[in-house]
Amino acid sequence: MTDKTITLADDLTITRMGYGAMQLAGPGVFGPPRDRDQAIAVLREAVELGITHIDTSDFYGPTVVNELIREALHPYPADLHLVTKVGARRGDDASWNPALAPEDLKAAVHENLDHLGLDVLDVVNLRTAEHDGGGEASIAESFTAWPNCSRRA
């Protein structure tokens, strides 16, 4: 490992600096970007500059950012890793709503796979902030969603 990369698993090394795609969506991370062509150009330039991981989520837009990533970069370079997160849904009013039940998480993983055009995700982060209104509830049930979540047989 060099100062510029980090190894997350035996077969997964990424640049320490990635690209956070959240702000590619419209104002408030909701709806389409003001300039779709510019958003696509930014994604392509990030990869050209050597970025090997992009942080995204299907709840950015919702779906807008993942669709932009797919349009800009698919088929993906072999060394590019898309890191997504699950655990929330966007309301029609642009609200951020917890979605931590196992069936919600499984659905979110499959939606991310669909919108990104992937069969498997290298990294999935679980968003737990405010999952219970700030209390001390366990998130253990959420982790029961992970077995058999990918499309690989």
# chains A, B, ... in the order shown; residues from 1 in each chain; ligands from 1
call {"tool": "select_by_dssp", "arguments": {"residues": "range 41-87 of chain A", "states": "strand (DSSP E or B)", "output": "compact mmCIF listing (two decimals) with N, CA, C and O atoms, in the first residue's frame"}}
result
# COMPACT_ATOMS: atom_id res chain seq x y z
N HIS A 53 -12.46 5.20 -7.08
CA HIS A 53 -13.75 4.90 -6.44
C HIS A 53 -14.62 6.14 -6.40
O HIS A 53 -14.17 7.25 -6.19
N ILE A 54 -15.89 5.88 -6.67
CA ILE A 54 -16.90 6.93 -6.66
C ILE A 54 -17.93 6.57 -5.60
O ILE A 54 -18.46 5.46 -5.59
N ASP A 55 -18.20 7.51 -4.71
CA ASP A 55 -19.20 7.34 -3.66
C ASP A 55 -20.54 7.82 -4.20
O ASP A 55 -20.64 8.96 -4.67
N THR A 56 -21.54 6.99 -4.12
CA THR A 56 -22.84 7.32 -4.69
C THR A 56 -23.95 6.68 -3.87
O THR A 56 -23.70 5.99 -2.89
N GLY A 61 -30.94 12.07 -5.77
CA GLY A 61 -31.74 12.43 -6.95
C GLY A 61 -33.23 12.30 -6.75
O GLY A 61 -33.92 13.25 -6.96
N HIS A 81 -14.28 1.38 -8.82
CA HIS A 81 -15.18 0.75 -7.85
C HIS A 81 -16.24 1.76 -7.44
O HIS A 81 -15.92 2.89 -7.07
N LEU A 82 -17.48 1.33 -7.52
CA LEU A 82 -18.60 2.18 -7.13
C LEU A 82 -19.02 1.80 -5.73
O LEU A 82 -19.40 0.65 -5.48
N VAL A 83 -18.93 2.75 -4.83
CA VAL A 83 -19.25 2.56 -3.41
C VAL A 83 -20.59 3.23 -3.18
O VAL A 83 -20.72 4.44 -3.37
N THR A 84 -21.58 2.45 -2.80
CA THR A 84 -22.91 3.01 -2.63
C THR A 84 -23.36 2.89 -1.18
O THR A 84 -22.70 2.26 -0.36
N LYS A 85 -24.46 3.51 -0.89
CA LYS A 85 -25.01 3.40 0.46
C LYS A 85 -26.49 3.16 0.39
O LYS A 85 -27.16 3.53 -0.58
N VAL A 86 -27.00 2.51 1.43
CA VAL A 86 -28.42 2.20 1.56
C VAL A 86 -28.84 2.58 2.98
O VAL A 86 -28.01 2.87 3.82
call {"tool": "atom_distance", "arguments": {"atom1": "CA of Gln38 in chain A", "atom2": "CA of Leu24 in chain A"}}
result
9.2 Å
call {"tool": "residues_around", "arguments": {"residues": "Thr5 in chain A", "least_positions_apart": "5", "cutoff": "10 Å", "atoms": "only C-alpha atoms", "output": "count of residues only"}}
result
6
call {"tool": "select_by_dssp", "arguments": {"residues": "range 69-110 of chain A", "states": "helix (DSSP H, G or I)", "output": "JSON, numbers by chain"}}
result
{"A": [69, 70, 71, 72, 73, 102, 103, 104, 105, 106, 107, 108, 109, 110]}
call {"tool": "write_last_selection", "arguments": {"atoms": "N, CA and C atoms", "output": "JSON list (two decimals), in the first residue's frame"}}
result
[["chain", "number", "residue", "atom", "x", "y", "z"],
["A", 69, "ILE", "N", -23.88, 8.36, -13.57],
["A", 69, "ILE", "CA", -22.65, 7.57, -13.51],
["A", 69, "ILE", "C", -22.66, 6.50, -14.60],
["A", 70, "ARG", "N", -23.77, 5.82, -14.73],
["A", 70, "ARG", "CA", -23.87, 4.76, -15.75],
["A", 70, "ARG", "C", -23.70, 5.36, -17.16],
["A", 71, "GLU", "N", -24.39, 6.46, -17.41],
["A", 71, "GLU", "CA", -24.29, 7.09, -18.72],
["A", 71, "GLU", "C", -22.87, 7.55, -19.03],
["A", 72, "ALA", "N", -22.21, 8.11, -18.04],
["A", 72, "ALA", "CA", -20.88, 8.68, -18.26],
["A", 72, "ALA", "C", -19.78, 7.63, -18.35],
["A", 73, "LEU", "N", -19.91, 6.53, -17.60],
["A", 73, "LEU", "CA", -18.76, 5.66, -17.41],
["A", 73, "LEU", "C", -18.94, 4.19, -17.80],
["A", 102, "PRO", "N", -34.84, -5.09, 6.70],
["A", 102, "PRO", "CA", -34.10, -5.94, 5.76],
["A", 102, "PRO", "C", -34.67, -5.92, 4.33],
["A", 103, "GLU", "N", -35.97, -5.93, 4.18],
["A", 103, "GLU", "CA", -36.55, -5.90, 2.82],
["A", 103, "GLU", "C", -36.27, -4.57, 2.12],
["A", 104, "ASP", "N", -36.21, -3.46, 2.87],
["A", 104, "ASP", "CA", -35.86, -2.16, 2.29],
["A", 104, "ASP", "C", -34.41, -2.16, 1.81],
["A", 105, "LEU", "N", -33.53, -2.75, 2.61],
["A", 105, "LEU", "CA", -32.11, -2.77, 2.26],
["A", 105, "LEU", "C", -31.86, -3.66, 1.05],
["A", 106, "LYS", "N", -32.50, -4.81, 1.00],
["A", 106, "LYS", "CA", -32.36, -5.69, -0.17],
["A", 106, "LYS", "C", -32.85, -4.98, -1.42],
["A", 107, "ALA", "N", -34.01, -4.34, -1.32],
["A", 107, "ALA", "CA", -34.55, -3.60, -2.47],
["A", 107, "ALA", "C", -33.58, -2.50, -2.90],
["A", 108, "ALA", "N", -33.01, -1.78, -1.94],
["A", 108, "ALA", "CA", -32.08, -0.70, -2.26],
["A", 108, "ALA", "C", -30.83, -1.21, -2.96],
["A", 109, "VAL", "N", -30.30, -2.34, -2.51],
["A", 109, "VAL", "CA", -29.12, -2.92, -3.17],
["A", 109, "VAL", "C", -29.47, -3.25, -4.62],
["A", 110, "HIS", "N", -30.61, -3.88, -4.84],
["A", 110, "HIS", "CA", -30.99, -4.26, -6.20],
["A", 110, "HIS", "C", -31.28, -3.04, -7.07]]
call {"tool": "closest_residue", "arguments": {"among": "A:Asp58, A:Glu67, A:Glu45, A:Asp10", "to": "Ala88 in chain A", "atoms": "only C-alpha atoms"}}
result
A:Asp58
call {"tool": "atom_distance", "arguments": {"atom1": "CA of Gly87 in chain A", "atom2": "CA of Leu126 in chain A"}}
result
5.7 Å
call {"tool": "residues_around", "arguments": {"residues": "Gly26 in chain A", "least_positions_apart": "4", "cutoff": "10 Å", "atoms": "only C-alpha atoms", "output": "MDAnalysis selection string"}}
result
chainID A and resid 22 30:36 60:62 64:65
call {"tool": "closest_residue", "arguments": {"among": "A:Thr63, A:Arg127, A:Ala39, A:Asp122", "to": "Asp79 in chain A", "atoms": "only C-alpha atoms"}}
result
A:Asp122
call {"tool": "atom_distance", "arguments": {"atom1": "CA of Leu43 in chain A", "atom2": "CA of Pro27 in chain A"}}
result
18.0 Å
call {"tool": "closest_residue", "arguments": {"among": "A:Leu121, A:Ala41, A:Leu8, A:Val29", "to": "Ser95 in chain A", "atoms": "only C-alpha atoms"}}
result
A:Val29
call {"tool": "residues_around", "arguments": {"residues": "Leu118 in chain A", "least_positions_apart": "2", "cutoff": "10 Å", "atoms": "only C-alpha atoms", "output": "NGL selection string"}}
result
:A and (70 or 74-76 or 82 or 110 or 112-116 or 120-121 or 150-151)
call {"tool": "decode", "arguments": {"residues": "range 96-132 of chain A", "atoms": "N, CA, C and O atoms", "output": "compact mmCIF listing (two decimals), in the first residue's frame"}}
result
# COMPACT_ATOMS: atom_id res chain seq x y z
N TRP A 96 -35.52 13.03 3.64
CA TRP A 96 -34.67 11.85 3.79
C TRP A 96 -35.35 10.96 4.83
O TRP A 96 -35.47 11.35 5.99
N ASN A 97 -35.80 9.79 4.42
CA ASN A 97 -36.56 8.92 5.30
C ASN A 97 -35.80 7.61 5.55
O ASN A 97 -35.31 6.99 4.61
N PRO A 98 -35.70 7.21 6.82
CA PRO A 98 -35.02 5.95 7.12
C PRO A 98 -35.69 4.77 6.40
O PRO A 98 -36.91 4.73 6.27
N ALA A 99 -34.89 3.83 5.95
CA ALA A 99 -35.37 2.61 5.30
C ALA A 99 -34.41 1.49 5.67
O ALA A 99 -33.56 1.09 4.88
N LEU A 100 -34.52 1.02 6.90
CA LEU A 100 -33.55 0.08 7.46
C LEU A 100 -34.06 -1.34 7.63
O LEU A 100 -33.30 -2.21 8.06
N ALA A 101 -35.31 -1.59 7.31
CA ALA A 101 -35.81 -2.97 7.41
C ALA A 101 -35.07 -3.82 6.39
O ALA A 101 -34.71 -3.35 5.32
N PRO A 102 -34.84 -5.09 6.70
CA PRO A 102 -34.10 -5.94 5.76
C PRO A 102 -34.67 -5.92 4.33
O PRO A 102 -33.91 -5.85 3.37
N GLU A 103 -35.97 -5.93 4.18
CA GLU A 103 -36.55 -5.90 2.82
C GLU A 103 -36.27 -4.57 2.12
O GLU A 103 -36.08 -4.53 0.90
N ASP A 104 -36.21 -3.46 2.87
CA ASP A 104 -35.86 -2.16 2.29
C ASP A 104 -34.41 -2.16 1.81
O ASP A 104 -34.10 -1.63 0.74
N LEU A 105 -33.53 -2.75 2.61
CA LEU A 105 -32.11 -2.77 2.26
C LEU A 105 -31.86 -3.66 1.05
O LEU A 105 -31.10 -3.30 0.15
N LYS A 106 -32.50 -4.81 1.00
CA LYS A 106 -32.36 -5.69 -0.17
C LYS A 106 -32.85 -4.98 -1.42
O LYS A 106 -32.20 -5.02 -2.47
N ALA A 107 -34.01 -4.34 -1.32
CA ALA A 107 -34.55 -3.60 -2.47
C ALA A 107 -33.58 -2.50 -2.90
O ALA A 107 -33.34 -2.30 -4.09
N ALA A 108 -33.01 -1.78 -1.94
CA ALA A 108 -32.08 -0.70 -2.26
C ALA A 108 -30.83 -1.21 -2.96
O ALA A 108 -30.34 -0.60 -3.92
N VAL A 109 -30.30 -2.34 -2.51
CA VAL A 109 -29.12 -2.92 -3.17
C VAL A 109 -29.47 -3.25 -4.62
O VAL A 109 -28.73 -2.90 -5.55
N HIS A 110 -30.61 -3.88 -4.84
CA HIS A 110 -30.99 -4.26 -6.20
C HIS A 110 -31.28 -3.04 -7.07
O HIS A 110 -30.95 -3.04 -8.27
N GLU A 111 -31.85 -2.01 -6.50
CA GLU A 111 -32.09 -0.77 -7.26
C GLU A 111 -30.76 -0.12 -7.65
O GLU A 111 -30.60 0.35 -8.78
N ASN A 112 -29.79 -0.09 -6.72
CA ASN A 112 -28.47 0.44 -7.05
C ASN A 112 -27.83 -0.38 -8.16
O ASN A 112 -27.26 0.18 -9.10
N LEU A 113 -27.91 -1.69 -8.07
CA LEU A 113 -27.36 -2.55 -9.13
C LEU A 113 -28.00 -2.23 -10.47
O LEU A 113 -27.30 -2.08 -11.48
N ASP A 114 -29.32 -2.11 -10.49
CA ASP A 114 -30.04 -1.81 -11.74
C ASP A 114 -29.62 -0.48 -12.33
O ASP A 114 -29.30 -0.39 -13.52
N HIS A 115 -29.65 0.57 -11.51
CA HIS A 115 -29.38 1.91 -12.04
C HIS A 115 -27.92 2.11 -12.42
O HIS A 115 -27.62 2.94 -13.29
N LEU A 116 -27.02 1.38 -11.78
CA LEU A 116 -25.60 1.47 -12.13
C LEU A 116 -25.22 0.49 -13.24
O LEU A 116 -24.13 0.59 -13.81
N GLY A 117 -26.08 -0.47 -13.54
CA GLY A 117 -25.78 -1.46 -14.57
C GLY A 117 -24.73 -2.46 -14.12
O GLY A 117 -23.86 -2.86 -14.90
N LEU A 118 -24.82 -2.90 -12.87
CA LEU A 118 -23.85 -3.83 -12.30
C LEU A 118 -24.52 -5.14 -11.88
O LEU A 118 -25.72 -5.18 -11.65
N ASP A 119 -23.70 -6.18 -11.74
CA ASP A 119 -24.16 -7.45 -11.19
C ASP A 119 -23.80 -7.58 -9.72
O ASP A 119 -24.41 -8.37 -9.00
N VAL A 120 -22.78 -6.85 -9.29
CA VAL A 120 -22.33 -6.92 -7.90
C VAL A 120 -21.75 -5.56 -7.51
O VAL A 120 -21.23 -4.83 -8.35
N LEU A 121 -21.87 -5.22 -6.24
CA LEU A 121 -21.30 -3.99 -5.70
C LEU A 121 -20.10 -4.36 -4.83
O LEU A 121 -20.19 -5.29 -4.02
N ASP A 122 -19.00 -3.65 -4.99
CA ASP A 122 -17.81 -3.94 -4.19
C ASP A 122 -17.97 -3.52 -2.74
O ASP A 122 -17.50 -4.20 -1.84
N VAL A 123 -18.61 -2.37 -2.53
CA VAL A 123 -18.78 -1.84 -1.17
C VAL A 123 -20.17 -1.24 -1.06
O VAL A 123 -20.61 -0.49 -1.93
N VAL A 124 -20.88 -1.59 0.02
CA VAL A 124 -22.17 -1.00 0.33
C VAL A 124 -22.09 -0.48 1.76
O VAL A 124 -21.79 -1.24 2.68
N ASN A 125 -22.32 0.80 1.93
CA ASN A 125 -22.34 1.41 3.25
C ASN A 125 -23.77 1.47 3.75
O ASN A 125 -24.69 1.74 2.98
N LEU A 126 -23.95 1.27 5.04
CA LEU A 126 -25.27 1.35 5.66
C LEU A 126 -25.41 2.69 6.36
O LEU A 126 -24.67 2.98 7.30
N ARG A 127 -26.33 3.50 5.88
CA ARG A 127 -26.61 4.79 6.51
C ARG A 127 -27.54 4.54 7.69
O ARG A 127 -28.65 4.05 7.51
N THR A 128 -27.07 4.87 8.88
CA THR A 128 -27.88 4.62 10.07
C THR A 128 -28.26 5.89 10.81
O THR A 128 -29.03 5.84 11.75
N ALA A 129 -27.74 7.02 10.40
CA ALA A 129 -28.01 8.28 11.10
C ALA A 129 -29.51 8.50 11.22
O ALA A 129 -30.26 8.31 10.28
N GLU A 130 -29.91 8.86 12.40
CA GLU A 130 -31.30 9.19 12.68
C GLU A 130 -32.26 8.04 12.38
O GLU A 130 -33.44 8.25 12.16
N HIS A 131 -31.75 6.80 12.41
CA HIS A 131 -32.60 5.67 12.05
C HIS A 131 -33.73 5.46 13.04
O HIS A 131 -34.74 4.88 12.71
N ASP A 132 -33.56 5.96 14.24
CA ASP A 132 -34.61 5.74 15.23
C ASP A 132 -34.93 7.03 15.97
O ASP A 132 -35.40 6.99 17.10
